[in-house]
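Engineer: Enclosed is the structure file structure.cif (mmCIF, N, CA, C and O atoms).
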```cif
data_entry
loop_
_atom_site.label_atom_id
_atom_site.label_comp_id
_atom_site.auth_asym_id
_atom_site.auth_seq_id
_atom_site.Cartn_x
_atom_site.Cartn_y
_atom_site.Cartn_z
N MET A 1 -2.53 -13.66 -76.34
CA MET A 1 -3.16 -12.67 -75.55
C MET A 1 -4.20 -13.23 -74.63
O MET A 1 -4.47 -12.67 -73.60
N ALA A 2 -4.73 -14.28 -75.01
CA ALA A 2 -5.74 -14.90 -74.19
C ALA A 2 -5.16 -15.33 -72.85
O ALA A 2 -5.82 -15.29 -71.84
N SER A 3 -3.91 -15.74 -72.88
CA SER A 3 -3.28 -16.15 -71.64
C SER A 3 -2.99 -14.96 -70.73
O SER A 3 -3.01 -15.08 -69.52
N ALA A 4 -2.72 -13.79 -71.29
CA ALA A 4 -2.47 -12.60 -70.50
C ALA A 4 -3.74 -12.15 -69.79
O ALA A 4 -3.71 -11.75 -68.64
N SER A 5 -4.85 -12.19 -70.48
CA SER A 5 -6.09 -11.79 -69.84
C SER A 5 -6.53 -12.82 -68.81
O SER A 5 -7.20 -12.50 -67.85
N LYS A 6 -6.12 -14.05 -69.01
CA LYS A 6 -6.46 -15.11 -68.06
C LYS A 6 -5.73 -14.87 -66.74
O LYS A 6 -6.29 -15.05 -65.66
N ASN A 7 -4.47 -14.42 -66.78
CA ASN A 7 -3.70 -14.12 -65.57
C ASN A 7 -4.25 -12.92 -64.83
O ASN A 7 -4.23 -12.86 -63.62
N GLU A 8 -4.75 -11.95 -65.57
CA GLU A 8 -5.29 -10.75 -64.94
C GLU A 8 -6.63 -11.05 -64.28
O GLU A 8 -6.97 -10.46 -63.27
N ALA A 9 -7.37 -11.96 -64.80
CA ALA A 9 -8.69 -12.26 -64.26
C ALA A 9 -8.59 -13.03 -62.96
O ALA A 9 -9.44 -12.89 -62.09
N GLN A 10 -7.56 -13.85 -62.80
CA GLN A 10 -7.42 -14.63 -61.58
C GLN A 10 -6.67 -13.82 -60.53
O GLN A 10 -5.61 -13.27 -60.81
N PRO A 11 -7.24 -13.72 -59.35
CA PRO A 11 -6.53 -12.97 -58.30
C PRO A 11 -5.29 -13.74 -57.85
O PRO A 11 -5.26 -14.97 -57.84
N GLN A 12 -4.28 -12.99 -57.52
CA GLN A 12 -3.04 -13.56 -57.04
C GLN A 12 -3.25 -14.07 -55.61
O GLN A 12 -3.95 -13.43 -54.82
N PRO A 13 -2.68 -15.21 -55.27
CA PRO A 13 -2.82 -15.67 -53.89
C PRO A 13 -2.13 -14.68 -52.94
O PRO A 13 -1.03 -14.21 -53.21
N LYS A 14 -2.83 -14.36 -51.85
CA LYS A 14 -2.29 -13.39 -50.89
C LYS A 14 -1.30 -14.07 -49.96
O LYS A 14 -1.51 -15.19 -49.52
N ARG A 15 -0.27 -13.37 -49.68
CA ARG A 15 0.73 -13.87 -48.74
C ARG A 15 0.50 -13.19 -47.40
O ARG A 15 0.17 -12.01 -47.33
N HIS A 16 0.73 -13.92 -46.39
CA HIS A 16 0.53 -13.36 -45.05
C HIS A 16 1.89 -12.96 -44.48
O HIS A 16 2.60 -13.75 -43.88
N ASN A 17 2.27 -11.73 -44.70
CA ASN A 17 3.54 -11.21 -44.21
C ASN A 17 3.36 -10.43 -42.91
O ASN A 17 4.32 -9.96 -42.34
N ASP A 18 2.13 -10.28 -42.45
CA ASP A 18 1.88 -9.52 -41.23
C ASP A 18 2.33 -10.28 -39.99
O ASP A 18 2.48 -9.69 -38.93
N GLY A 19 2.57 -11.55 -40.10
CA GLY A 19 2.99 -12.35 -38.94
C GLY A 19 4.30 -11.86 -38.36
O GLY A 19 4.48 -11.79 -37.14
N ALA A 20 5.22 -11.49 -39.21
CA ALA A 20 6.51 -10.99 -38.74
C ALA A 20 6.33 -9.67 -38.00
O ALA A 20 6.95 -9.42 -36.96
N ALA A 21 5.47 -8.81 -38.52
CA ALA A 21 5.22 -7.53 -37.87
C ALA A 21 4.54 -7.73 -36.52
O ALA A 21 4.87 -7.06 -35.53
N ASP A 22 3.58 -8.66 -36.45
CA ASP A 22 2.91 -8.96 -35.20
C ASP A 22 3.89 -9.49 -34.16
O ASP A 22 3.86 -9.09 -33.01
N LEU A 23 4.76 -10.37 -34.57
CA LEU A 23 5.76 -10.92 -33.67
C LEU A 23 6.70 -9.84 -33.17
O LEU A 23 7.06 -9.81 -31.99
N GLU A 24 7.05 -8.92 -34.01
CA GLU A 24 7.93 -7.82 -33.62
C GLU A 24 7.25 -6.93 -32.57
O GLU A 24 7.87 -6.53 -31.59
N ARG A 25 5.96 -6.69 -32.75
CA ARG A 25 5.23 -5.88 -31.77
C ARG A 25 5.16 -6.58 -30.41
O ARG A 25 5.29 -5.96 -29.37
N VAL A 26 4.96 -7.88 -30.42
CA VAL A 26 4.90 -8.64 -29.17
C VAL A 26 6.24 -8.60 -28.46
O VAL A 26 6.31 -8.36 -27.25
N THR A 27 7.31 -8.81 -29.18
CA THR A 27 8.63 -8.80 -28.54
C THR A 27 8.98 -7.41 -28.04
O THR A 27 9.61 -7.26 -26.99
N ASP A 28 8.56 -6.36 -28.75
CA ASP A 28 8.78 -4.99 -28.27
C ASP A 28 8.05 -4.77 -26.96
O ASP A 28 8.58 -4.18 -26.02
N TYR A 29 6.81 -5.25 -26.87
CA TYR A 29 6.02 -5.09 -25.65
C TYR A 29 6.68 -5.82 -24.48
O TYR A 29 6.79 -5.28 -23.38
N VAL A 30 7.14 -7.03 -24.72
CA VAL A 30 7.78 -7.81 -23.66
C VAL A 30 9.04 -7.10 -23.18
O VAL A 30 9.31 -7.02 -21.99
N GLU A 31 9.81 -6.53 -24.10
CA GLU A 31 11.02 -5.81 -23.71
C GLU A 31 10.68 -4.58 -22.87
O GLU A 31 11.36 -4.27 -21.90
N GLU A 32 9.59 -3.88 -23.20
CA GLU A 32 9.17 -2.73 -22.42
C GLU A 32 8.77 -3.13 -21.02
O GLU A 32 9.11 -2.48 -20.05
N VAL A 33 8.02 -4.21 -20.90
CA VAL A 33 7.57 -4.69 -19.59
C VAL A 33 8.76 -5.12 -18.75
O VAL A 33 8.85 -4.80 -17.57
N GLU A 34 9.70 -5.84 -19.33
CA GLU A 34 10.87 -6.27 -18.59
C GLU A 34 11.70 -5.07 -18.15
O GLU A 34 12.24 -5.05 -17.05
N GLY A 35 11.81 -4.06 -18.96
CA GLY A 35 12.56 -2.86 -18.62
C GLY A 35 11.92 -2.09 -17.49
O GLY A 35 12.60 -1.48 -16.68
N SER A 36 10.60 -2.11 -17.41
CA SER A 36 9.92 -1.34 -16.37
C SER A 36 9.93 -2.05 -15.03
O SER A 36 9.60 -1.46 -14.01
N SER A 37 10.33 -3.31 -14.96
CA SER A 37 10.35 -4.01 -13.68
C SER A 37 11.44 -3.48 -12.76
O SER A 37 11.34 -3.62 -11.54
N GLU A 38 12.46 -2.85 -13.30
CA GLU A 38 13.51 -2.27 -12.46
C GLU A 38 12.94 -1.14 -11.60
O GLU A 38 13.26 -1.03 -10.43
N GLY A 39 12.08 -0.34 -12.17
CA GLY A 39 11.44 0.73 -11.42
C GLY A 39 10.53 0.19 -10.33
O GLY A 39 10.44 0.76 -9.24
N VAL A 40 9.88 -0.92 -10.61
CA VAL A 40 9.00 -1.55 -9.63
C VAL A 40 9.81 -2.03 -8.43
O VAL A 40 9.41 -1.87 -7.28
N GLU A 41 10.97 -2.61 -8.69
CA GLU A 41 11.82 -3.09 -7.60
C GLU A 41 12.25 -1.93 -6.71
O GLU A 41 12.28 -2.05 -5.49
N ASP A 42 12.56 -0.78 -7.32
CA ASP A 42 12.92 0.39 -6.53
C ASP A 42 11.76 0.86 -5.67
O ASP A 42 11.93 1.20 -4.50
N LEU A 43 10.57 0.87 -6.25
CA LEU A 43 9.38 1.30 -5.50
C LEU A 43 9.07 0.35 -4.35
O LEU A 43 8.70 0.78 -3.26
N VAL A 44 9.24 -0.94 -4.58
CA VAL A 44 9.01 -1.92 -3.51
C VAL A 44 10.02 -1.70 -2.40
O VAL A 44 9.68 -1.76 -1.21
N GLY A 45 11.26 -1.43 -2.76
CA GLY A 45 12.29 -1.15 -1.75
C GLY A 45 11.95 0.08 -0.93
O GLY A 45 12.11 0.09 0.29
N GLN A 46 11.48 1.13 -1.60
CA GLN A 46 11.09 2.35 -0.89
C GLN A 46 9.90 2.08 0.02
O GLN A 46 9.84 2.60 1.15
N LEU A 47 8.96 1.29 -0.45
CA LEU A 47 7.79 0.95 0.36
C LEU A 47 8.19 0.18 1.61
O LEU A 47 7.69 0.46 2.71
N MET A 48 9.09 -0.78 1.45
CA MET A 48 9.55 -1.56 2.60
C MET A 48 10.30 -0.67 3.59
O MET A 48 10.13 -0.80 4.81
N THR A 49 11.11 0.26 3.10
CA THR A 49 11.83 1.18 3.97
C THR A 49 10.86 2.05 4.73
O THR A 49 11.01 2.25 5.94
N SER A 50 9.85 2.54 4.03
CA SER A 50 8.84 3.38 4.67
C SER A 50 8.07 2.60 5.73
O SER A 50 7.82 3.10 6.83
N ARG A 51 7.73 1.36 5.41
CA ARG A 51 6.99 0.51 6.37
C ARG A 51 7.84 0.25 7.61
O ARG A 51 7.34 0.33 8.74
N ASN A 52 9.11 -0.05 7.41
CA ASN A 52 9.99 -0.30 8.55
C ASN A 52 10.17 0.95 9.40
O ASN A 52 10.22 0.87 10.63
N GLN A 53 10.25 2.11 8.75
CA GLN A 53 10.41 3.36 9.48
C GLN A 53 9.16 3.64 10.31
O GLN A 53 9.25 4.04 11.48
N LYS A 54 7.98 3.43 9.73
CA LYS A 54 6.74 3.65 10.48
C LYS A 54 6.62 2.69 11.65
O LYS A 54 6.16 3.07 12.73
N ALA A 55 7.04 1.45 11.46
CA ALA A 55 7.00 0.47 12.56
C ALA A 55 7.94 0.89 13.68
O ALA A 55 7.60 0.75 14.86
N ALA A 56 9.11 1.39 13.32
CA ALA A 56 10.06 1.84 14.33
C ALA A 56 9.52 3.05 15.09
O ALA A 56 9.66 3.14 16.32
N GLU A 57 8.87 3.97 14.37
CA GLU A 57 8.27 5.14 15.02
C GLU A 57 7.15 4.72 15.96
O GLU A 57 7.02 5.26 17.07
N LYS A 58 6.35 3.75 15.55
CA LYS A 58 5.26 3.27 16.39
C LYS A 58 5.80 2.60 17.64
O LYS A 58 5.28 2.81 18.75
N ALA A 59 6.85 1.80 17.49
CA ALA A 59 7.45 1.14 18.64
C ALA A 59 8.04 2.17 19.61
O ALA A 59 7.91 2.02 20.83
N GLU A 60 8.66 3.21 19.07
CA GLU A 60 9.21 4.27 19.92
C GLU A 60 8.10 4.99 20.66
O GLU A 60 8.22 5.29 21.85
N ARG A 61 6.98 5.25 19.98
CA ARG A 61 5.83 5.91 20.63
C ARG A 61 5.27 5.03 21.76
O ARG A 61 4.95 5.53 22.83
N GLU A 62 5.20 3.73 21.53
CA GLU A 62 4.72 2.82 22.57
C GLU A 62 5.66 2.81 23.78
O GLU A 62 5.21 2.76 24.92
N ARG A 63 6.97 2.87 23.51
CA ARG A 63 7.93 2.93 24.62
C ARG A 63 7.76 4.21 25.42
O ARG A 63 7.83 4.20 26.66
N GLN A 64 7.52 5.32 24.73
CA GLN A 64 7.31 6.59 25.42
C GLN A 64 6.03 6.55 26.26
O GLN A 64 6.01 7.05 27.39
N LEU A 65 4.98 5.96 25.70
CA LEU A 65 3.72 5.87 26.46
C LEU A 65 3.86 4.95 27.67
O LEU A 65 3.25 5.19 28.71
N ALA A 66 4.67 3.91 27.56
CA ALA A 66 4.86 2.99 28.67
C ALA A 66 5.57 3.66 29.84
O ALA A 66 5.41 3.25 30.99
N LYS A 67 6.33 4.70 29.56
CA LYS A 67 7.05 5.42 30.62
C LYS A 67 6.15 6.34 31.45
O LYS A 67 6.51 6.73 32.55
N VAL A 68 4.98 6.68 30.91
CA VAL A 68 4.06 7.59 31.61
C VAL A 68 3.46 6.85 32.80
O VAL A 68 2.95 5.74 32.67
N THR A 69 3.53 7.49 33.96
CA THR A 69 2.95 6.87 35.17
C THR A 69 1.49 7.31 35.30
O THR A 69 1.15 8.48 35.11
N ILE A 70 0.64 6.34 35.60
CA ILE A 70 -0.78 6.61 35.80
C ILE A 70 -1.20 5.97 37.12
O ILE A 70 -0.61 4.98 37.56
N SER A 71 -2.22 6.52 37.73
CA SER A 71 -2.67 5.96 39.01
C SER A 71 -3.81 4.98 38.77
O SER A 71 -4.61 5.13 37.86
N LYS A 72 -3.86 3.98 39.63
CA LYS A 72 -4.91 2.96 39.53
C LYS A 72 -6.28 3.57 39.79
O LYS A 72 -7.28 3.13 39.20
N GLU A 73 -6.33 4.56 40.64
CA GLU A 73 -7.60 5.21 40.95
C GLU A 73 -8.16 5.92 39.71
O GLU A 73 -9.37 5.86 39.45
N ASP A 74 -7.28 6.58 38.96
CA ASP A 74 -7.73 7.26 37.74
C ASP A 74 -8.27 6.25 36.72
O ASP A 74 -9.29 6.50 36.08
N VAL A 75 -7.59 5.14 36.60
CA VAL A 75 -8.05 4.09 35.69
C VAL A 75 -9.42 3.58 36.13
O VAL A 75 -10.34 3.42 35.32
N ALA A 76 -9.58 3.35 37.43
CA ALA A 76 -10.86 2.85 37.96
C ALA A 76 -11.98 3.85 37.72
O ALA A 76 -13.10 3.46 37.36
N VAL A 77 -11.70 5.14 37.89
CA VAL A 77 -12.72 6.17 37.67
C VAL A 77 -13.15 6.17 36.20
O VAL A 77 -14.35 6.20 35.88
N ILE A 78 -12.17 6.12 35.30
CA ILE A 78 -12.50 6.14 33.87
C ILE A 78 -13.28 4.89 33.47
O ILE A 78 -14.27 4.98 32.74
N VAL A 79 -12.89 3.73 33.98
CA VAL A 79 -13.59 2.49 33.65
C VAL A 79 -15.02 2.54 34.15
O VAL A 79 -15.96 2.17 33.42
N SER A 80 -15.24 3.02 35.36
CA SER A 80 -16.60 3.03 35.92
C SER A 80 -17.47 4.12 35.30
O SER A 80 -18.65 3.89 35.04
N GLU A 81 -16.91 5.29 35.04
CA GLU A 81 -17.71 6.40 34.53
C GLU A 81 -17.96 6.32 33.02
O GLU A 81 -19.04 6.65 32.56
N MET A 82 -16.96 5.92 32.29
CA MET A 82 -17.07 5.92 30.84
C MET A 82 -17.46 4.55 30.27
O MET A 82 -17.72 4.44 29.08
N GLU A 83 -17.48 3.53 31.11
CA GLU A 83 -17.82 2.18 30.70
C GLU A 83 -16.95 1.71 29.53
O GLU A 83 -17.44 1.25 28.50
N VAL A 84 -15.65 1.86 29.70
CA VAL A 84 -14.68 1.37 28.74
C VAL A 84 -13.83 0.31 29.42
O VAL A 84 -13.86 0.16 30.65
N THR A 85 -13.06 -0.41 28.62
CA THR A 85 -12.21 -1.44 29.20
C THR A 85 -11.03 -0.79 29.92
O THR A 85 -10.71 0.38 29.70
N LYS A 86 -10.40 -1.58 30.75
CA LYS A 86 -9.24 -1.11 31.49
C LYS A 86 -8.12 -0.72 30.53
O LYS A 86 -7.43 0.29 30.74
N ALA A 87 -7.95 -1.49 29.47
CA ALA A 87 -6.89 -1.19 28.48
C ALA A 87 -7.13 0.16 27.80
O ALA A 87 -6.20 0.94 27.61
N VAL A 88 -8.39 0.45 27.47
CA VAL A 88 -8.72 1.73 26.83
C VAL A 88 -8.48 2.87 27.82
O VAL A 88 -7.93 3.92 27.45
N ALA A 89 -8.87 2.68 29.06
CA ALA A 89 -8.67 3.71 30.08
C ALA A 89 -7.18 3.99 30.29
O ALA A 89 -6.75 5.15 30.34
N GLU A 90 -6.39 2.92 30.39
CA GLU A 90 -4.95 3.10 30.58
C GLU A 90 -4.32 3.79 29.38
O GLU A 90 -3.50 4.70 29.53
N ARG A 91 -4.67 3.37 28.21
CA ARG A 91 -4.11 3.96 26.98
C ARG A 91 -4.45 5.44 26.89
O ARG A 91 -3.60 6.28 26.58
N THR A 92 -5.70 5.78 27.15
CA THR A 92 -6.12 7.17 27.07
C THR A 92 -5.39 8.02 28.10
O THR A 92 -4.95 9.13 27.79
N LEU A 93 -5.24 7.50 29.30
CA LEU A 93 -4.49 8.23 30.33
C LEU A 93 -3.03 8.42 29.91
O LEU A 93 -2.46 9.49 30.09
N ARG A 94 -2.43 7.40 29.37
CA ARG A 94 -1.02 7.51 28.95
C ARG A 94 -0.86 8.52 27.81
O ARG A 94 0.09 9.29 27.79
N VAL A 95 -1.79 8.51 26.85
CA VAL A 95 -1.71 9.45 25.74
C VAL A 95 -1.80 10.89 26.25
O VAL A 95 -1.15 11.79 25.72
N HIS A 96 -2.57 11.10 27.30
CA HIS A 96 -2.75 12.44 27.86
C HIS A 96 -1.88 12.67 29.10
O HIS A 96 -2.22 13.48 29.97
N ASP A 97 -0.76 11.98 29.14
CA ASP A 97 0.27 12.15 30.20
C ASP A 97 -0.29 12.02 31.61
O ASP A 97 0.14 12.72 32.52
N GLY A 98 -1.24 11.14 31.79
CA GLY A 98 -1.79 10.88 33.12
C GLY A 98 -2.81 11.90 33.58
O GLY A 98 -3.30 11.82 34.71
N ASN A 99 -3.17 12.86 32.76
CA ASN A 99 -4.14 13.90 33.11
C ASN A 99 -5.55 13.32 32.93
O ASN A 99 -6.02 13.12 31.81
N ILE A 100 -6.23 13.09 34.06
CA ILE A 100 -7.54 12.45 34.01
C ILE A 100 -8.59 13.34 33.35
O ILE A 100 -9.46 12.85 32.63
N VAL A 101 -8.50 14.64 33.55
CA VAL A 101 -9.48 15.55 32.95
C VAL A 101 -9.35 15.52 31.42
O VAL A 101 -10.35 15.41 30.70
N ALA A 102 -8.13 15.57 30.92
CA ALA A 102 -7.92 15.53 29.47
C ALA A 102 -8.34 14.16 28.91
O ALA A 102 -8.92 14.09 27.82
N ALA A 103 -8.08 13.10 29.65
CA ALA A 103 -8.46 11.77 29.20
C ALA A 103 -9.97 11.62 29.14
O ALA A 103 -10.52 11.08 28.17
N LEU A 104 -10.67 12.09 30.16
CA LEU A 104 -12.14 12.03 30.17
C LEU A 104 -12.72 12.87 29.04
O LEU A 104 -13.66 12.45 28.37
N THR A 105 -12.16 14.05 28.83
CA THR A 105 -12.63 14.92 27.75
C THR A 105 -12.45 14.25 26.40
O THR A 105 -13.34 14.28 25.54
N ALA A 106 -11.31 13.61 26.20
CA ALA A 106 -11.05 12.92 24.94
C ALA A 106 -12.03 11.77 24.72
O ALA A 106 -12.52 11.55 23.62
N LEU A 107 -12.33 11.01 25.78
CA LEU A 107 -13.28 9.91 25.66
C LEU A 107 -14.70 10.40 25.40
O LEU A 107 -15.45 9.76 24.64
N VAL A 108 -15.08 11.51 26.02
CA VAL A 108 -16.41 12.05 25.80
C VAL A 108 -16.54 12.53 24.35
O VAL A 108 -17.57 12.33 23.71
N ASN A 109 -15.51 13.17 23.83
CA ASN A 109 -15.55 13.73 22.48
C ASN A 109 -15.35 12.69 21.39
O ASN A 109 -15.60 12.98 20.22
N SER A 110 -14.93 11.48 21.74
CA SER A 110 -14.68 10.49 20.69
C SER A 110 -15.91 9.67 20.38
O SER A 110 -16.90 9.68 20.95
#
```
Before we go any further, please render this structure as structure tokens.

Structural biologist:
Amino acid sequence: MASASKNEAQPQPKRHNDGAADLERVTDYVEEVEGSSEGVEDLVGQLMTSRNQKAAEKAERERQLAKVTISKEDVAVIVSEMEVTKAVAERTLRVHDGNIVAALTALVNS
């Protein structure tokens, strides 16, 4: 009996079995992250499509503005009166279809 009480008094060495569970959690996480990358690729594709569409719209708007005829005198008046660059004066006139009154009003209000 003395030997039985001796075994009960000594604690049993602990085994570390949690390592397998920890490894399983890590591999589950990695699988989740890898699975979610497919959605990211779709979002990146949509973003690129949207960016290309906006660039095409901007280029089309610039082509439309380039077709608007403006007079040199109107540009000179806006440059001298509003103290803006020639490029700003031309752009403002083109945006307002060559209407100097609307262009001046827009520059005053901006």

Engineer: Once the PyMOL selection byres (((chain A and resi 88 and name CA) around 12) and name CA) has been applied to the shown file, what residues remain in the selection, as a PyMOL selection string?

Structural biologist: chain A and resi 75-76+78-79+82-87+89-95+103-104+106-107

Engineer: So the first atom is atom CA of A:Glu81 and the second is atom CA of A:Ala66; what is the distance between them in Å, to one decimal place?

Structural biologist: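 Interatomic distance here is 23.6 Å.
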
Engineer: Starting from 6 Å padding per side, set up an axis-aligned box that covers all listed atoms of stretch 82-92 of chain A and hand over centre and edge lengths in Å, one decimal, as lines of an AutoDock Vina configuration file.

Structural biologist:
```
center_x = -10.7
center_y = 3.8
center_z = 29.4
size_x = 26.3
size_y = 22.7
size_z = 17.7
```

Engineer: For atom CA of A:Glu73 and atom CA of A:Asp97, quote the distance in Å rounded to one decimal.

Structural biologist: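 Rounded to one decimal, the two atoms are 15.0 Å apart.
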
Engineer: Can you work out the spacing between atom CA of A:Met48 and atom CA of A:Leu65 in Å, to one decimal?

Structural biologist: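 Atom-to-atom, atom CA of A:Met48 to atom CA of A:Leu65, that is 25.7 Å.
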
Engineer: As a compact mmCIF listing (two decimals), in the frame of the given file, please: stretch 51-60 of chain A completed to all heavy atoms.

Structural biologist:
```txt
# COMPACT_ATOMS: atom_id res chain seq x y z
N ARG A 51 7.73 1.36 5.41
CA ARG A 51 6.99 0.51 6.37
C ARG A 51 7.84 0.25 7.61
O ARG A 51 7.34 0.33 8.74
CB ARG A 51 6.60 -0.80 5.71
CG ARG A 51 5.81 -1.71 6.63
CD ARG A 51 5.52 -3.03 6.00
NE ARG A 51 4.53 -2.86 4.95
CZ ARG A 51 4.16 -3.82 4.14
NH1 ARG A 51 4.71 -5.01 4.23
NH2 ARG A 51 3.25 -3.61 3.21
N ASN A 52 9.11 -0.05 7.41
CA ASN A 52 9.99 -0.30 8.55
C ASN A 52 10.17 0.95 9.40
O ASN A 52 10.22 0.87 10.63
CB ASN A 52 11.35 -0.81 8.06
CG ASN A 52 11.27 -2.18 7.45
OD1 ASN A 52 10.33 -2.93 7.70
ND2 ASN A 52 12.25 -2.53 6.64
N GLN A 53 10.25 2.11 8.75
CA GLN A 53 10.41 3.36 9.48
C GLN A 53 9.16 3.64 10.31
O GLN A 53 9.25 4.04 11.48
CB GLN A 53 10.66 4.51 8.51
CG GLN A 53 10.91 5.83 9.19
CD GLN A 53 11.16 6.95 8.18
OE1 GLN A 53 11.00 6.76 6.98
NE2 GLN A 53 11.56 8.09 8.67
N LYS A 54 7.98 3.43 9.73
CA LYS A 54 6.74 3.65 10.48
C LYS A 54 6.62 2.69 11.65
O LYS A 54 6.16 3.07 12.73
CB LYS A 54 5.54 3.51 9.55
CG LYS A 54 5.38 4.67 8.61
CD LYS A 54 4.17 4.50 7.71
CE LYS A 54 4.09 5.66 6.73
NZ LYS A 54 2.93 5.52 5.83
N ALA A 55 7.04 1.45 11.46
CA ALA A 55 7.00 0.47 12.56
C ALA A 55 7.94 0.89 13.68
O ALA A 55 7.60 0.75 14.86
CB ALA A 55 7.35 -0.91 12.04
N ALA A 56 9.11 1.39 13.32
CA ALA A 56 10.06 1.84 14.33
C ALA A 56 9.52 3.05 15.09
O ALA A 56 9.66 3.14 16.32
CB ALA A 56 11.40 2.18 13.68
N GLU A 57 8.87 3.97 14.37
CA GLU A 57 8.27 5.14 15.02
C GLU A 57 7.15 4.72 15.96
O GLU A 57 7.02 5.26 17.07
CB GLU A 57 7.74 6.11 13.97
CG GLU A 57 8.82 6.82 13.19
CD GLU A 57 8.27 7.63 12.03
OE1 GLU A 57 7.04 7.62 11.80
OE2 GLU A 57 9.09 8.27 11.34
N LYS A 58 6.35 3.75 15.55
CA LYS A 58 5.26 3.27 16.39
C LYS A 58 5.80 2.60 17.64
O LYS A 58 5.28 2.81 18.75
CB LYS A 58 4.38 2.30 15.61
CG LYS A 58 3.16 1.84 16.35
CD LYS A 58 2.29 0.95 15.50
CE LYS A 58 1.07 0.50 16.29
NZ LYS A 58 0.19 -0.35 15.48
N ALA A 59 6.85 1.80 17.49
CA ALA A 59 7.45 1.14 18.64
C ALA A 59 8.04 2.17 19.61
O ALA A 59 7.91 2.02 20.83
CB ALA A 59 8.54 0.17 18.18
N GLU A 60 8.66 3.21 19.07
CA GLU A 60 9.21 4.27 19.92
C GLU A 60 8.10 4.99 20.66
O GLU A 60 8.22 5.29 21.85
CB GLU A 60 10.02 5.26 19.08
CG GLU A 60 10.59 6.42 19.87
CD GLU A 60 11.56 5.99 20.96
OE1 GLU A 60 12.21 4.94 20.83
OE2 GLU A 60 11.65 6.72 21.97
```
